[in-house]
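All remarks here apply to the structure that follows.
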Amino acid sequence: MTTTRRDLLTTALTAAGAAVTPRLAEGQAPDHDHDHDHGHDHGADHQAVPSDPALRAKALESVLVAKGLVDRAALDAVVDYYERQTGPRNGARVIARAWVDPAYKRRLLSNATAAIAELGYGGAEGEQMVVVENTPRVHNLVVCTLCSCYPWPVLGLPPVWYKSAAYRARSVIDPRGVLKEFGTELSGEVEVRVWDSTAEVRYLVLPERPAGSEALSEDELAALVTRDSMVGVARVSAPEARA
Ligand code: FE
């Protein structure tokens with residue numbers, strides 16, 4: 001049996017006076033050896049134990065609460081914001097509004113931060129937004145070459161691939177190749193523009209409104225808009241193609 005980071009974290013968790021969940025306590029019982037002859041499904045047993053990052057977060061939270069540095073209710077509010085209140089559905093509403101309201105679209109392209117705030121979205125990681133428009137001649141792709149800057153108020157937290165070294169490097173070196181791997185093939189006539197998001201300025205792509213969506217309502221249009229289309233790695237599919 002080896003001492004893993006998980007064991008150390010669990011020790012820290014317990015020492016900090018955290019409420020150890022019964023499953024976690026069971027998984028970490030001192031007599032729980034790792035011989036594989038003890039009759040239960042080890043795979044399921046391991047799945048019941050939270051991941052290392054989850055354990056680390058719990059340990060940190062417990063220490064901070066125990067020291068009186070943070071309030072649990074404040075943490076719950078933050079978690080609720082990122083789990084349920086933000087995400088790509090916010091961005092989709094922005095895009096759908098721009099598709100149905102030309103005046104809104106003009107405001108969005110000239111002052112994205114203010115136009116996005118009209119719909120109630122803004123704040124941390126979205127303080128200065130720029131929206132770039134896809135057209136039949138221009139396709140925009142967003143990356144953060146330095147790290148993972150991303151417009152949280154309209155897209156939520158970035159997907160793993162957005163943070164990967166491969167995406168960050170290759171989007172600049174070979175954007176058409178990257179797009180192709182995402183299933184987006186562009187003709188040679190289409191200009192590709194790559195935008196490097198930073199801590200100061202974050203980009204959102206206004207995808208082309210798909211053909212065949214003329215009769216759809218704003219809400220129905222919003223339902224078509226995907227996260228990937230707002231990062232620029234995909235197009236928005238026509239409604240019939242999604243049926
Ligand atoms: Fe970044």
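For the structure tokens, the naming scheme is as follows: chains receive sequential letters (A, B, ...) according to their order of presentation, residues are indexed from 1 within each chain, and ligands are indexed from 1 in presentation order.
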Within 12 Å of A:Leu179, counting only C-alpha atoms, which residues qualify if same-chain residues fewer than 2 places away don't, as an MDAnalysis selection string?
chainID A and resid 139:142 167 170:177 181:187 192:194 228:229 231:235
Tell me, counting only C-alpha atoms and all ligand atoms, for each residue of chain A within 7 Å of ligand 1, which pair of atoms is nearest and how far apart they are in Å to one decimal, in rows ordered by chain and increasing number, as CSV.
residue,atom,partner,partner_atom_place_in_ligand_line,distance
A:Cys144,CA,ligand 1,1 (Fe),5.0
A:Thr145,CA,ligand 1,1 (Fe),6.9
A:Leu146,CA,ligand 1,1 (Fe),5.3
A:Cys147,CA,ligand 1,1 (Fe),3.6
A:Ser148,CA,ligand 1,1 (Fe),3.5
A:Cys149,CA,ligand 1,1 (Fe),3.2
A:Tyr150,CA,ligand 1,1 (Fe),7.0
A:Ser197,CA,ligand 1,1 (Fe),6.6
A:Thr198,CA,ligand 1,1 (Fe),5.3
A:Ala199,CA,ligand 1,1 (Fe),6.0
Give me a file of those residues, with N, CA and C atoms, as a PDB file, in the first residue's frame.
ATOM      1  N   CYS A 144      -6.882  31.453 -26.574  1.00  0.00           N
ATOM      2  CA  CYS A 144      -6.009  32.208 -25.684  1.00  0.00           C
ATOM      3  C   CYS A 144      -4.667  31.513 -25.770  1.00  0.00           C
ATOM      4  N   THR A 145      -3.740  32.109 -26.500  1.00  0.00           N
ATOM      5  CA  THR A 145      -2.456  31.432 -26.699  1.00  0.00           C
ATOM      6  C   THR A 145      -1.659  31.359 -25.404  1.00  0.00           C
ATOM      7  N   LEU A 146      -1.870  32.321 -24.512  1.00  0.00           N
ATOM      8  CA  LEU A 146      -1.062  32.375 -23.294  1.00  0.00           C
ATOM      9  C   LEU A 146      -1.561  31.385 -22.248  1.00  0.00           C
ATOM     10  N   CYS A 147      -2.873  31.293 -22.082  1.00  0.00           N
ATOM     11  CA  CYS A 147      -3.382  30.416 -21.019  1.00  0.00           C
ATOM     12  C   CYS A 147      -4.775  29.931 -21.411  1.00  0.00           C
ATOM     13  N   SER A 148      -5.825  30.530 -20.856  1.00  0.00           N
ATOM     14  CA  SER A 148      -7.162  30.004 -21.150  1.00  0.00           C
ATOM     15  C   SER A 148      -8.223  31.081 -21.017  1.00  0.00           C
ATOM     16  N   CYS A 149      -7.886  32.341 -21.313  1.00  0.00           N
ATOM     17  CA  CYS A 149      -8.836  33.438 -21.151  1.00  0.00           C
ATOM     18  C   CYS A 149     -10.074  33.191 -22.022  1.00  0.00           C
ATOM     19  N   TYR A 150     -11.221  33.435 -21.432  1.00  0.00           N
ATOM     20  CA  TYR A 150     -12.490  32.965 -21.997  1.00  0.00           C
ATOM     21  C   TYR A 150     -13.581  33.848 -21.403  1.00  0.00           C
ATOM     22  N   SER A 197      -7.608  35.915 -27.130  1.00  0.00           N
ATOM     23  CA  SER A 197      -8.208  36.472 -25.920  1.00  0.00           C
ATOM     24  C   SER A 197      -7.124  36.674 -24.868  1.00  0.00           C
ATOM     25  N   THR A 198      -7.310  37.698 -24.066  1.00  0.00           N
ATOM     26  CA  THR A 198      -6.348  37.978 -22.991  1.00  0.00           C
ATOM     27  C   THR A 198      -7.131  38.242 -21.710  1.00  0.00           C
ATOM     28  N   ALA A 199      -6.387  38.533 -20.657  1.00  0.00           N
ATOM     29  CA  ALA A 199      -7.052  38.866 -19.402  1.00  0.00           C
ATOM     30  C   ALA A 199      -7.852  40.162 -19.549  1.00  0.00           C
TER      31      ALA A 199
END
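In this comparison, which uses only C-alpha atoms, the residue of A:Val160, A:Val63, A:Val100, A:Leu204 approaching A:Thr113 most closely is A:Leu204.
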Just asking: which residues within stretch 82-185 of chain A are strand (DSSP E or B) according to DSSP, as a PDB file with N, CA and C atoms, in the first residue's frame?
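And here is the file that came out, result28.pdb:
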ATOM      1  N   MET A 129     -15.527  42.999 -23.556  1.00  0.00           N
ATOM      2  CA  MET A 129     -15.869  42.005 -24.567  1.00  0.00           C
ATOM      3  C   MET A 129     -15.784  42.608 -25.965  1.00  0.00           C
ATOM      4  N   VAL A 130     -15.373  41.762 -26.897  1.00  0.00           N
ATOM      5  CA  VAL A 130     -15.400  42.139 -28.315  1.00  0.00           C
ATOM      6  C   VAL A 130     -16.104  41.005 -29.053  1.00  0.00           C
ATOM      7  N   VAL A 131     -17.106  41.362 -29.857  1.00  0.00           N
ATOM      8  CA  VAL A 131     -17.806  40.351 -30.655  1.00  0.00           C
ATOM      9  C   VAL A 131     -17.368  40.490 -32.112  1.00  0.00           C
ATOM     10  N   VAL A 132     -16.997  39.370 -32.707  1.00  0.00           N
ATOM     11  CA  VAL A 132     -16.555  39.361 -34.111  1.00  0.00           C
ATOM     12  C   VAL A 132     -17.543  38.524 -34.920  1.00  0.00           C
ATOM     13  N   GLU A 133     -17.881  39.046 -36.106  1.00  0.00           N
ATOM     14  CA  GLU A 133     -18.982  38.466 -36.874  1.00  0.00           C
ATOM     15  C   GLU A 133     -18.493  37.543 -37.999  1.00  0.00           C
ATOM     16  N   VAL A 138     -15.737  35.586 -44.122  1.00  0.00           N
ATOM     17  CA  VAL A 138     -14.817  35.644 -42.976  1.00  0.00           C
ATOM     18  C   VAL A 138     -15.271  34.669 -41.899  1.00  0.00           C
ATOM     19  N   HIS A 139     -14.305  33.879 -41.426  1.00  0.00           N
ATOM     20  CA  HIS A 139     -14.592  32.996 -40.297  1.00  0.00           C
ATOM     21  C   HIS A 139     -13.644  33.352 -39.149  1.00  0.00           C
ATOM     22  N   ASN A 140     -14.211  33.583 -37.972  1.00  0.00           N
ATOM     23  CA  ASN A 140     -13.416  33.972 -36.811  1.00  0.00           C
ATOM     24  C   ASN A 140     -13.234  32.797 -35.856  1.00  0.00           C
ATOM     25  N   LEU A 141     -12.046  32.728 -35.286  1.00  0.00           N
ATOM     26  CA  LEU A 141     -11.710  31.655 -34.347  1.00  0.00           C
ATOM     27  C   LEU A 141     -11.055  32.293 -33.131  1.00  0.00           C
ATOM     28  N   VAL A 142     -11.477  31.868 -31.939  1.00  0.00           N
ATOM     29  CA  VAL A 142     -10.949  32.467 -30.708  1.00  0.00           C
ATOM     30  C   VAL A 142     -10.073  31.463 -29.977  1.00  0.00           C
ATOM     31  N   VAL A 143      -8.963  31.971 -29.446  1.00  0.00           N
ATOM     32  CA  VAL A 143      -8.030  31.143 -28.691  1.00  0.00           C
ATOM     33  C   VAL A 143      -7.458  32.050 -27.603  1.00  0.00           C
TER      34      VAL A 143
END
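You can rank A:Glu220, A:Arg227, A:Leu75, A:Gly126 by their closest distance to A:Ala57 using only C-alpha atoms, and at the top of that list sits A:Leu75.
Going from atom CA of A:Ala54 to atom CA of A:Gly123 covers 25.7 Å.
With only C-alpha atoms as the atoms that count, the residue of A:Leu108, A:Leu155, A:Ala114, A:Ala223 with the shortest distance to A:Gln128 is A:Ala114.
Atom to atom, atom CA of A:Gly122 and atom CA of A:Ser110 stand 16.3 Å apart.
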